[in-house]
>>> print(open('data39.pdb').read())   # PDB, C-alpha atoms, pLDDT in the B column
ATOM      1  CA  MET A   1      50.232  -5.104  36.706  1.00 47.00           C
ATOM      2  CA  ALA A   2      49.244  -1.850  34.993  1.00 52.00           C
ATOM      3  CA  THR A   3      50.045  -0.921  31.431  1.00 54.00           C
ATOM      4  CA  ASP A   4      50.222   2.390  29.640  1.00 64.00           C
ATOM      5  CA  ASN A   5      49.418   0.883  26.224  1.00 62.00           C
ATOM      6  CA  GLY A   6      46.032  -0.754  26.820  1.00 57.00           C
ATOM      7  CA  LEU A   7      43.803  -1.492  23.832  1.00 60.00           C
ATOM      8  CA  LEU A   8      40.029  -1.098  23.891  1.00 58.00           C
ATOM      9  CA  GLU A   9      38.040  -2.142  20.809  1.00 59.00           C
ATOM     10  CA  TYR A  10      34.325  -1.698  20.178  1.00 55.00           C
ATOM     11  CA  GLU A  11      31.986  -1.687  17.196  1.00 53.00           C
ATOM     12  CA  SER A  12      30.276   1.632  16.779  1.00 55.00           C
ATOM     13  CA  GLY A  13      28.415   0.665  13.602  1.00 55.00           C
ATOM     14  CA  GLN A  14      25.625  -1.241  15.330  1.00 58.00           C
ATOM     15  CA  GLN A  15      22.636   0.878  16.118  1.00 64.00           C
ATOM     16  CA  PHE A  16      19.104  -0.249  16.878  1.00 68.00           C
ATOM     17  CA  ASN A  17      16.300   1.667  15.208  1.00 71.00           C
ATOM     18  CA  ASP A  18      12.594   1.684  15.969  1.00 74.00           C
ATOM     19  CA  TRP A  19      10.050   0.302  13.490  1.00 75.00           C
ATOM     20  CA  GLU A  20       9.518   2.669  10.618  1.00 78.00           C
ATOM     21  CA  GLU A  21       7.198   2.599   7.615  1.00 81.00           C
ATOM     22  CA  MET A  22       9.350   2.655   4.499  1.00 81.00           C
ATOM     23  CA  THR A  23       8.382   4.940   1.610  1.00 85.00           C
ATOM     24  CA  SER A  24       8.249   4.152  -2.093  1.00 85.00           C
ATOM     25  CA  SER A  25       7.593   6.183  -5.208  1.00 86.00           C
ATOM     26  CA  ASN A  26       7.083   3.176  -7.483  1.00 85.00           C
ATOM     27  CA  GLY A  27       5.869   0.335  -5.233  1.00 79.00           C
ATOM     28  CA  GLN A  28       9.051  -1.667  -5.903  1.00 80.00           C
ATOM     29  CA  THR A  29      11.925   0.228  -4.282  1.00 81.00           C
ATOM     30  CA  PHE A  30      11.507   1.177  -0.633  1.00 81.00           C
ATOM     31  CA  GLU A  31      13.583   3.579   1.471  1.00 82.00           C
ATOM     32  CA  ALA A  32      13.891   4.366   5.172  1.00 82.00           C
ATOM     33  CA  SER A  33      15.399   7.337   6.990  1.00 82.00           C
ATOM     34  CA  PHE A  34      18.261   5.060   8.112  1.00 76.00           C
ATOM     35  CA  ALA A  35      20.222   2.167   6.624  1.00 70.00           C
ATOM     36  CA  PRO A  36      18.178  -0.802   7.880  1.00 62.00           C
ATOM     37  CA  TRP A  37      21.144  -3.228   7.796  1.00 63.00           C
ATOM     38  CA  SER A  38      24.818  -2.837   8.476  1.00 61.00           C
ATOM     39  CA  GLY A  39      26.278  -5.157   5.845  1.00 64.00           C
ATOM     40  CA  ARG A  40      28.536  -6.792   8.442  1.00 66.00           C
ATOM     41  CA  SER A  41      29.266 -10.363   7.390  1.00 70.00           C
ATOM     42  CA  GLY A  42      27.710 -13.117   9.458  1.00 70.00           C
ATOM     43  CA  PHE A  43      24.583 -11.127  10.317  1.00 65.00           C
ATOM     44  CA  ASP A  44      21.431 -11.453   8.270  1.00 64.00           C
ATOM     45  CA  SER A  45      19.022  -8.568   7.898  1.00 63.00           C
ATOM     46  CA  GLU A  46      15.557  -9.064   9.366  1.00 65.00           C
ATOM     47  CA  VAL A  47      12.771  -7.539   7.315  1.00 69.00           C
ATOM     48  CA  ARG A  48       9.221  -8.318   8.366  1.00 75.00           C
ATOM     49  CA  PRO A  49       6.461  -6.838   6.271  1.00 83.00           C
ATOM     50  CA  TRP A  50       3.195  -6.248   8.063  1.00 88.00           C
ATOM     51  CA  GLY A  51       0.918  -9.213   7.606  1.00 91.00           C
ATOM     52  CA  LEU A  52      -0.545 -12.473   8.743  1.00 93.00           C
ATOM     53  CA  ALA A  53       1.922 -14.851  10.438  1.00 93.00           C
ATOM     54  CA  THR A  54      -0.254 -17.817  11.503  1.00 95.00           C
ATOM     55  CA  GLY A  55      -3.930 -18.831  11.648  1.00 96.00           C
ATOM     56  CA  GLY A  56      -6.767 -16.552  10.598  1.00 96.00           C
ATOM     57  CA  ARG A  57      -8.780 -19.114   8.658  1.00 96.00           C
ATOM     58  CA  ILE A  58     -12.191 -17.730   7.677  1.00 96.00           C
ATOM     59  CA  VAL A  59     -15.038 -20.254   7.860  1.00 96.00           C
ATOM     60  CA  PRO A  60     -18.822 -20.027   7.420  1.00 95.00           C
ATOM     61  CA  HIS A  61     -20.946 -19.772  10.561  1.00 96.00           C
ATOM     62  CA  ALA A  62     -24.324 -21.495  10.994  1.00 95.00           C
ATOM     63  CA  THR A  63     -25.963 -18.078  11.525  1.00 96.00           C
ATOM     64  CA  ALA A  64     -27.020 -16.210   8.385  1.00 95.00           C
ATOM     65  CA  ASP A  65     -24.566 -13.602   7.075  1.00 95.00           C
ATOM     66  CA  THR A  66     -21.964 -14.502   9.716  1.00 96.00           C
ATOM     67  CA  ILE A  67     -18.437 -15.876   9.489  1.00 97.00           C
ATOM     68  CA  THR A  68     -15.936 -17.117  12.063  1.00 97.00           C
ATOM     69  CA  VAL A  69     -12.328 -15.978  11.889  1.00 97.00           C
ATOM     70  CA  GLU A  70     -10.041 -18.346  13.763  1.00 97.00           C
ATOM     71  CA  ALA A  71      -7.364 -17.034  16.157  1.00 97.00           C
ATOM     72  CA  LEU A  72      -4.299 -15.624  14.450  1.00 97.00           C
ATOM     73  CA  THR A  73      -0.973 -13.901  14.889  1.00 96.00           C
ATOM     74  CA  ALA A  74       0.187 -11.043  12.687  1.00 95.00           C
ATOM     75  CA  TYR A  75       3.223  -8.799  12.369  1.00 93.00           C
ATOM     76  CA  MET A  76       1.893  -5.348  13.239  1.00 92.00           C
ATOM     77  CA  PRO A  77       4.464  -3.592  15.452  1.00 90.00           C
ATOM     78  CA  THR A  78       2.269  -0.570  16.203  1.00 89.00           C
ATOM     79  CA  ALA A  79      -0.849  -2.591  17.077  1.00 92.00           C
ATOM     80  CA  ALA A  80      -2.062  -2.688  20.654  1.00 92.00           C
ATOM     81  CA  GLY A  81      -0.640  -5.727  22.422  1.00 92.00           C
ATOM     82  CA  ALA A  82       2.209  -6.348  19.953  1.00 91.00           C
ATOM     83  CA  ASN A  83       5.318  -7.895  21.507  1.00 91.00           C
ATOM     84  CA  GLN A  84       8.910  -6.693  21.049  1.00 87.00           C
ATOM     85  CA  ASP A  85       9.113  -8.527  17.700  1.00 87.00           C
ATOM     86  CA  GLY A  86       5.984  -6.750  16.428  1.00 90.00           C
ATOM     87  CA  LEU A  87       3.832  -9.876  16.698  1.00 94.00           C
ATOM     88  CA  VAL A  88       0.246  -9.431  17.893  1.00 96.00           C
ATOM     89  CA  SER A  89      -2.103 -12.267  18.911  1.00 96.00           C
ATOM     90  CA  VAL A  90      -5.765 -11.908  17.952  1.00 96.00           C
ATOM     91  CA  ALA A  91      -8.552 -14.079  19.399  1.00 96.00           C
ATOM     92  CA  SER A  92     -11.114 -15.875  17.256  1.00 97.00           C
ATOM     93  CA  ASP A  93     -14.304 -13.909  16.564  1.00 97.00           C
ATOM     94  CA  ASP A  94     -17.655 -14.165  14.769  1.00 97.00           C
ATOM     95  CA  LEU A  95     -18.293 -11.280  12.370  1.00 97.00           C
ATOM     96  CA  ILE A  96     -21.518 -10.209  10.652  1.00 96.00           C
ATOM     97  CA  ILE A  97     -21.110  -9.563   6.922  1.00 96.00           C
ATOM     98  CA  ASP A  98     -23.439  -7.017   5.312  1.00 94.00           C
ATOM     99  CA  ARG A  99     -24.950  -7.598   1.885  1.00 93.00           C
ATOM    100  CA  ALA A 100     -25.581  -5.106  -0.907  1.00 92.00           C
ATOM    101  CA  ASP A 101     -28.687  -2.946  -0.465  1.00 86.00           C
ATOM    102  CA  SER A 102     -31.649  -4.903  -1.851  1.00 71.00           C
ATOM    103  CA  MET A 103     -33.483  -1.688  -2.805  1.00 74.00           C
ATOM    104  CA  GLY A 104     -31.020  -0.748  -5.574  1.00 78.00           C
ATOM    105  CA  SER A 105     -29.775  -2.547  -8.675  1.00 87.00           C
ATOM    106  CA  ASN A 106     -26.446  -3.447  -7.064  1.00 90.00           C
ATOM    107  CA  SER A 107     -26.116  -7.009  -5.809  1.00 93.00           C
ATOM    108  CA  HIS A 108     -22.362  -7.538  -5.411  1.00 95.00           C
ATOM    109  CA  LEU A 109     -20.354  -6.512  -2.344  1.00 96.00           C
ATOM    110  CA  ILE A 110     -16.847  -7.457  -1.206  1.00 97.00           C
ATOM    111  CA  THR A 111     -16.074  -7.175   2.492  1.00 97.00           C
ATOM    112  CA  SER A 112     -12.495  -7.331   3.739  1.00 97.00           C
ATOM    113  CA  ILE A 113     -11.696  -8.959   7.069  1.00 97.00           C
ATOM    114  CA  VAL A 114      -8.978  -6.927   8.792  1.00 97.00           C
ATOM    115  CA  VAL A 115      -6.947  -6.745  11.975  1.00 97.00           C
ATOM    116  CA  THR A 116      -7.145  -3.175  13.259  1.00 96.00           C
ATOM    117  CA  ALA A 117      -4.543  -1.066  15.050  1.00 94.00           C
ATOM    118  CA  ALA A 118      -6.355  -2.041  18.261  1.00 95.00           C
ATOM    119  CA  GLY A 119      -5.373  -5.668  17.589  1.00 94.00           C
ATOM    120  CA  ALA A 120      -8.968  -6.764  16.941  1.00 96.00           C
ATOM    121  CA  LEU A 121     -10.848  -8.274  14.010  1.00 97.00           C
ATOM    122  CA  ASP A 122     -13.220  -6.056  12.022  1.00 97.00           C
ATOM    123  CA  THR A 123     -14.898  -5.749   8.624  1.00 97.00           C
ATOM    124  CA  VAL A 124     -14.440  -3.069   5.962  1.00 97.00           C
ATOM    125  CA  GLU A 125     -16.987  -2.910   3.129  1.00 96.00           C
ATOM    126  CA  GLY A 126     -16.192  -2.129  -0.472  1.00 95.00           C
ATOM    127  CA  SER A 127     -18.528  -0.283  -2.831  1.00 94.00           C
ATOM    128  CA  GLU A 128     -21.618  -2.094  -4.086  1.00 94.00           C
ATOM    129  CA  GLY A 129     -21.730  -3.002  -7.773  1.00 94.00           C
ATOM    130  CA  THR A 130     -23.597  -5.018 -10.398  1.00 94.00           C
ATOM    131  CA  SER A 131     -20.607  -7.390 -10.723  1.00 94.00           C
ATOM    132  CA  PHE A 132     -17.329  -8.081  -8.926  1.00 94.00           C
ATOM    133  CA  SER A 133     -14.180  -6.099  -9.666  1.00 94.00           C
ATOM    134  CA  ASP A 134     -10.620  -6.743  -8.490  1.00 93.00           C
ATOM    135  CA  GLU A 135      -9.819  -3.022  -8.368  1.00 94.00           C
ATOM    136  CA  ARG A 136      -9.763  -1.606  -4.843  1.00 93.00           C
ATOM    137  CA  GLY A 137     -12.268   1.190  -4.321  1.00 93.00           C
ATOM    138  CA  ALA A 138     -14.164   0.463  -7.568  1.00 95.00           C
ATOM    139  CA  ALA A 139     -17.857  -0.466  -7.679  1.00 94.00           C
ATOM    140  CA  GLY A 140     -18.071  -4.164  -6.803  1.00 94.00           C
ATOM    141  CA  GLY A 141     -14.399  -4.157  -5.770  1.00 95.00           C
ATOM    142  CA  PRO A 142     -12.632  -4.716  -2.479  1.00 96.00           C
ATOM    143  CA  PRO A 143     -12.321  -1.761  -0.108  1.00 96.00           C
ATOM    144  CA  LEU A 144      -9.241   0.297   0.599  1.00 95.00           C
ATOM    145  CA  ILE A 145      -7.642  -1.009   3.798  1.00 94.00           C
ATOM    146  CA  PRO A 146      -7.308   1.547   6.627  1.00 93.00           C
ATOM    147  CA  VAL A 147      -3.852   2.741   7.630  1.00 90.00           C
ATOM    148  CA  ASP A 148      -2.364   0.623  10.458  1.00 90.00           C
ATOM    149  CA  ALA A 149      -4.571  -2.377   9.566  1.00 94.00           C
ATOM    150  CA  ILE A 150      -3.890  -5.588   7.648  1.00 95.00           C
ATOM    151  CA  GLU A 151      -6.235  -7.638   5.494  1.00 96.00           C
ATOM    152  CA  VAL A 152      -6.744 -11.269   6.497  1.00 96.00           C
ATOM    153  CA  GLY A 153      -9.191 -12.185   3.729  1.00 96.00           C
ATOM    154  CA  GLN A 154     -12.326 -11.255   1.809  1.00 96.00           C
ATOM    155  CA  VAL A 155     -15.947 -12.342   1.636  1.00 96.00           C
ATOM    156  CA  ARG A 156     -17.581 -11.852  -1.776  1.00 96.00           C
ATOM    157  CA  LEU A 157     -21.381 -11.870  -1.741  1.00 95.00           C
ATOM    158  CA  GLY A 158     -23.245 -11.684  -5.060  1.00 93.00           C
ATOM    159  CA  SER A 159     -26.767 -11.776  -3.661  1.00 91.00           C
ATOM    160  CA  THR A 160     -28.896  -9.434  -1.582  1.00 92.00           C
ATOM    161  CA  THR A 161     -30.801 -12.338  -0.015  1.00 91.00           C
ATOM    162  CA  ALA A 162     -29.788 -13.144   3.571  1.00 92.00           C
ATOM    163  CA  GLY A 163     -28.442 -16.632   4.096  1.00 92.00           C
ATOM    164  CA  THR A 164     -25.620 -18.810   5.275  1.00 94.00           C
ATOM    165  CA  ILE A 165     -22.315 -17.800   3.731  1.00 94.00           C
ATOM    166  CA  THR A 166     -20.716 -20.636   1.767  1.00 91.00           C
ATOM    167  CA  PRO A 167     -16.986 -21.507   1.636  1.00 91.00           C
ATOM    168  CA  SER A 168     -16.850 -20.459  -2.033  1.00 92.00           C
ATOM    169  CA  GLU A 169     -17.938 -16.934  -1.078  1.00 90.00           C
TER     170      GLU A 169
END
>>> encode(input="data39.pdb", output="structure tokens")
Amino acid sequence: MATDNGLLEYESGQQFNDWEEMTSSNGQTFEASFAPWSGRSGFDSEVRPWGLATGGRIVPHATADTITVEALTAYMPTAAGANQDGLVSVASDDLIIDRADSMGSNSHLITSIVVTAAGALDTVEGSEGTSFSDERGAAGGPPLIPVDAIEVGQVRLGSTTAGTITPSE
């Protein structure tokens, strides 16, 4: 039986958007080029900042100036190998950590352990100093993290003498 007064309803407010880096002028309020959630009741927004999801424990290695980073997963939607949820799996790896140059007066160096855009573990060195600093980019401070990378942890070495890295470092 046909009808001339059929009713077709659909929701036109739902629209999927690709991952986008949000911008901020003050580091507290972030904006995107689209409204990231619809406000429809019964549906929660899903916001996943880039970062470590599971694993990634950093442990000393028996070899001098070497650490082991255990396997991990991280939310990095643009990283090579990331799945549809933006989750990338990274295999365990042994990394060599450089020390401050023994020829100068600087003895302190912070090295950040990062997951790169290629979905691999790597190290990024800060600037050498005579003491540690918590300010990124300062002498003796942690390095600036490259774009499209996340920091898993840091190794802080206060000696120029090669040796086994301890858990406290």
>>> atom_distance(input="data39.pdb", atom1="atom CA of A:Glu135", atom2="atom CA of A:Leu52")
21.6 Å
>>> residues_around(input="data39.pdb", residues="stretch 164-167 of chain A", least_positions_apart="5", cutoff="8 Å", atoms="only C-alpha atoms", output="PyMOL selection string")
chain A and resi 59-67
>>> atom_distance(input="data39.pdb", atom1="atom CA of A:Asp93", atom2="atom CA of A:Ser168")
19.9 Å
>>> resolve_selection(input="data39.pdb", expression="the PyMOL selection byres ((chain A and resi 129) around 12)", output="ChimeraX atom specification")
/A:99-102,104-110,125-128,130-135,137-142,156-160
>>> closest_residue(input="data39.pdb", among="A:Val152, A:Ala118, A:Met103, A:Val69", to="A:Val88", atoms="all atoms listed in the file")
A:Ala118
>>> residues_around(input="data39.pdb", residues="A:Tyr75", least_positions_apart="4", cutoff="6 Å", atoms="all atoms listed in the file", output="ChimeraX atom specification")
/A:50-51,86-87
>>> atom_distance(input="data39.pdb", atom1="atom CA of A:Asp94", atom2="atom CA of A:Arg48")
28.2 Å
>>> residues_around(input="data39.pdb", residues="A:Ala80", least_positions_apart="3", cutoff="12 Å", atoms="only C-alpha atoms", output="list in words")
Ala74, Tyr75, Met76, Pro77, Asn83, Gln84, Gly86, Leu87, Val88, Ser89, Val90, Val115, Thr116, Ala117, Ala118, Gly119, Ala120, Asp148 and Ala149 of chain A
>>> axis_aligned_box(input="data39.pdb", around="stretch 145-162 of chain A", padding_each_side="4 Å", output="JSON")
{"center_x": -16.6, "center_y": -5.2, "center_z": 2.7, "size_x": 36.4, "size_y": 23.9, "size_z": 23.5}
>>> closest_residue(input="data39.pdb", among="A:Ile150, A:Asp18, A:Phe30, A:Gly163", to="A:Ala79", atoms="only C-alpha atoms")
A:Ile150
>>> residues_around(input="data39.pdb", residues="A:Ile113", least_positions_apart="3", cutoff="6 Å", atoms="all atoms listed in the file", output="list in words")
Asp122, Thr123, Glu151, Val152, Gly153 and Gln154 of chain A
>>> write_last_selection(input="data39.pdb", atoms="C-alpha atoms", output="mmCIF file, in the frame of the given file")
data_model
loop_
_atom_site.group_PDB
_atom_site.id
_atom_site.type_symbol
_atom_site.label_atom_id
_atom_site.label_comp_id
_atom_site.auth_asym_id
_atom_site.auth_seq_id
_atom_site.Cartn_x
_atom_site.Cartn_y
_atom_site.Cartn_z
ATOM 1 C CA ASP A 122 -13.220 -6.056 12.022
ATOM 2 C CA THR A 123 -14.898 -5.749 8.624
ATOM 3 C CA GLU A 151 -6.235 -7.638 5.494
ATOM 4 C CA VAL A 152 -6.744 -11.269 6.497
ATOM 5 C CA GLY A 153 -9.191 -12.185 3.729
ATOM 6 C CA GLN A 154 -12.326 -11.255 1.809
#
>>> resolve_selection(input="data39.pdb", expression="the PyMOL selection byres ((chain A and resi 72) around 7)", output="MDAnalysis selection string")
chainID A and resid 54:56 70:71 73:74 89:91
>>> residues_around(input="data39.pdb", residues="A:Ala32", least_positions_apart="2", cutoff="10 Å", atoms="only C-alpha atoms", output="compact mmCIF listing (two decimals) with C-alpha atoms, in the frame of the given file")
# COMPACT_ATOMS: atom_id res chain seq x y z
CA GLU A 20 9.52 2.67 10.62
CA GLU A 21 7.20 2.60 7.62
CA MET A 22 9.35 2.66 4.50
CA THR A 23 8.38 4.94 1.61
CA SER A 24 8.25 4.15 -2.09
CA PHE A 30 11.51 1.18 -0.63
CA PHE A 34 18.26 5.06 8.11
CA ALA A 35 20.22 2.17 6.62
CA PRO A 36 18.18 -0.80 7.88
>>> decode(input="data39.pdb", residues="stretch 22-37 of chain A", atoms="N, CA, C and O atoms", output="PDB file, in the first residue's frame")
ATOM      1  N   MET A  22      44.542  21.161  18.225  1.00  0.00           N
ATOM      2  CA  MET A  22      43.827  22.342  18.678  1.00  0.00           C
ATOM      3  C   MET A  22      44.828  23.447  19.006  1.00  0.00           C
ATOM      4  O   MET A  22      45.968  23.180  19.368  1.00  0.00           O
ATOM      5  N   THR A  23      44.406  24.690  18.870  1.00  0.00           N
ATOM      6  CA  THR A  23      45.287  25.830  19.127  1.00  0.00           C
ATOM      7  C   THR A  23      44.886  26.512  20.429  1.00  0.00           C
ATOM      8  O   THR A  23      43.735  26.446  20.852  1.00  0.00           O
ATOM      9  N   SER A  24      45.848  27.173  21.046  1.00  0.00           N
ATOM     10  CA  SER A  24      45.597  27.879  22.299  1.00  0.00           C
ATOM     11  C   SER A  24      46.490  29.107  22.371  1.00  0.00           C
ATOM     12  O   SER A  24      47.646  29.069  21.985  1.00  0.00           O
ATOM     13  N   SER A  25      45.934  30.189  22.880  1.00  0.00           N
ATOM     14  CA  SER A  25      46.734  31.395  23.077  1.00  0.00           C
ATOM     15  C   SER A  25      47.240  31.509  24.513  1.00  0.00           C
ATOM     16  O   SER A  25      48.151  32.268  24.798  1.00  0.00           O
ATOM     17  N   ASN A  26      46.636  30.723  25.431  1.00  0.00           N
ATOM     18  CA  ASN A  26      47.031  30.842  26.830  1.00  0.00           C
ATOM     19  C   ASN A  26      47.399  29.511  27.492  1.00  0.00           C
ATOM     20  O   ASN A  26      47.703  29.471  28.672  1.00  0.00           O
ATOM     21  N   GLY A  27      47.361  28.412  26.760  1.00  0.00           N
ATOM     22  CA  GLY A  27      47.708  27.110  27.304  1.00  0.00           C
ATOM     23  C   GLY A  27      46.623  26.496  28.171  1.00  0.00           C
ATOM     24  O   GLY A  27      46.821  25.441  28.753  1.00  0.00           O
ATOM     25  N   GLN A  28      45.454  27.155  28.257  1.00  0.00           N
ATOM     26  CA  GLN A  28      44.359  26.644  29.078  1.00  0.00           C
ATOM     27  C   GLN A  28      43.074  26.453  28.290  1.00  0.00           C
ATOM     28  O   GLN A  28      42.294  25.552  28.562  1.00  0.00           O
ATOM     29  N   THR A  29      42.826  27.312  27.322  1.00  0.00           N
ATOM     30  CA  THR A  29      41.632  27.221  26.489  1.00  0.00           C
ATOM     31  C   THR A  29      42.066  26.845  25.082  1.00  0.00           C
ATOM     32  O   THR A  29      42.909  27.514  24.493  1.00  0.00           O
ATOM     33  N   PHE A  30      41.494  25.749  24.566  1.00  0.00           N
ATOM     34  CA  PHE A  30      41.891  25.244  23.260  1.00  0.00           C
ATOM     35  C   PHE A  30      40.718  25.309  22.288  1.00  0.00           C
ATOM     36  O   PHE A  30      39.572  25.082  22.684  1.00  0.00           O
ATOM     37  N   GLU A  31      41.008  25.601  21.023  1.00  0.00           N
ATOM     38  CA  GLU A  31      39.982  25.719  20.001  1.00  0.00           C
ATOM     39  C   GLU A  31      40.352  24.895  18.780  1.00  0.00           C
ATOM     40  O   GLU A  31      41.525  24.708  18.474  1.00  0.00           O
ATOM     41  N   ALA A  32      39.320  24.425  18.079  1.00  0.00           N
ATOM     42  CA  ALA A  32      39.499  23.696  16.825  1.00  0.00           C
ATOM     43  C   ALA A  32      38.723  24.428  15.736  1.00  0.00           C
ATOM     44  O   ALA A  32      37.919  25.326  16.019  1.00  0.00           O
ATOM     45  N   SER A  33      38.940  24.045  14.493  1.00  0.00           N
ATOM     46  CA  SER A  33      38.244  24.687  13.382  1.00  0.00           C
ATOM     47  C   SER A  33      36.795  24.222  13.268  1.00  0.00           C
ATOM     48  O   SER A  33      36.032  24.743  12.490  1.00  0.00           O
ATOM     49  N   PHE A  34      36.404  23.244  14.086  1.00  0.00           N
ATOM     50  CA  PHE A  34      35.043  22.720  14.102  1.00  0.00           C
ATOM     51  C   PHE A  34      34.622  22.499  15.551  1.00  0.00           C
ATOM     52  O   PHE A  34      35.462  22.477  16.441  1.00  0.00           O
ATOM     53  N   ALA A  35      33.334  22.359  15.783  1.00  0.00           N
ATOM     54  CA  ALA A  35      32.851  22.040  17.130  1.00  0.00           C
ATOM     55  C   ALA A  35      33.106  20.558  17.363  1.00  0.00           C
ATOM     56  O   ALA A  35      32.509  19.719  16.701  1.00  0.00           O
ATOM     57  N   PRO A  36      34.021  20.204  18.285  1.00  0.00           N
ATOM     58  CA  PRO A  36      34.407  18.804  18.425  1.00  0.00           C
ATOM     59  C   PRO A  36      33.349  17.908  19.059  1.00  0.00           C
ATOM     60  O   PRO A  36      33.528  16.715  19.103  1.00  0.00           O
ATOM     61  N   TRP A  37      32.250  18.450  19.573  1.00  0.00           N
ATOM     62  CA  TRP A  37      31.174  17.600  20.095  1.00  0.00           C
ATOM     63  C   TRP A  37      29.836  18.257  19.783  1.00  0.00           C
ATOM     64  O   TRP A  37      29.717  19.464  19.671  1.00  0.00           O
TER      65      TRP A  37
END
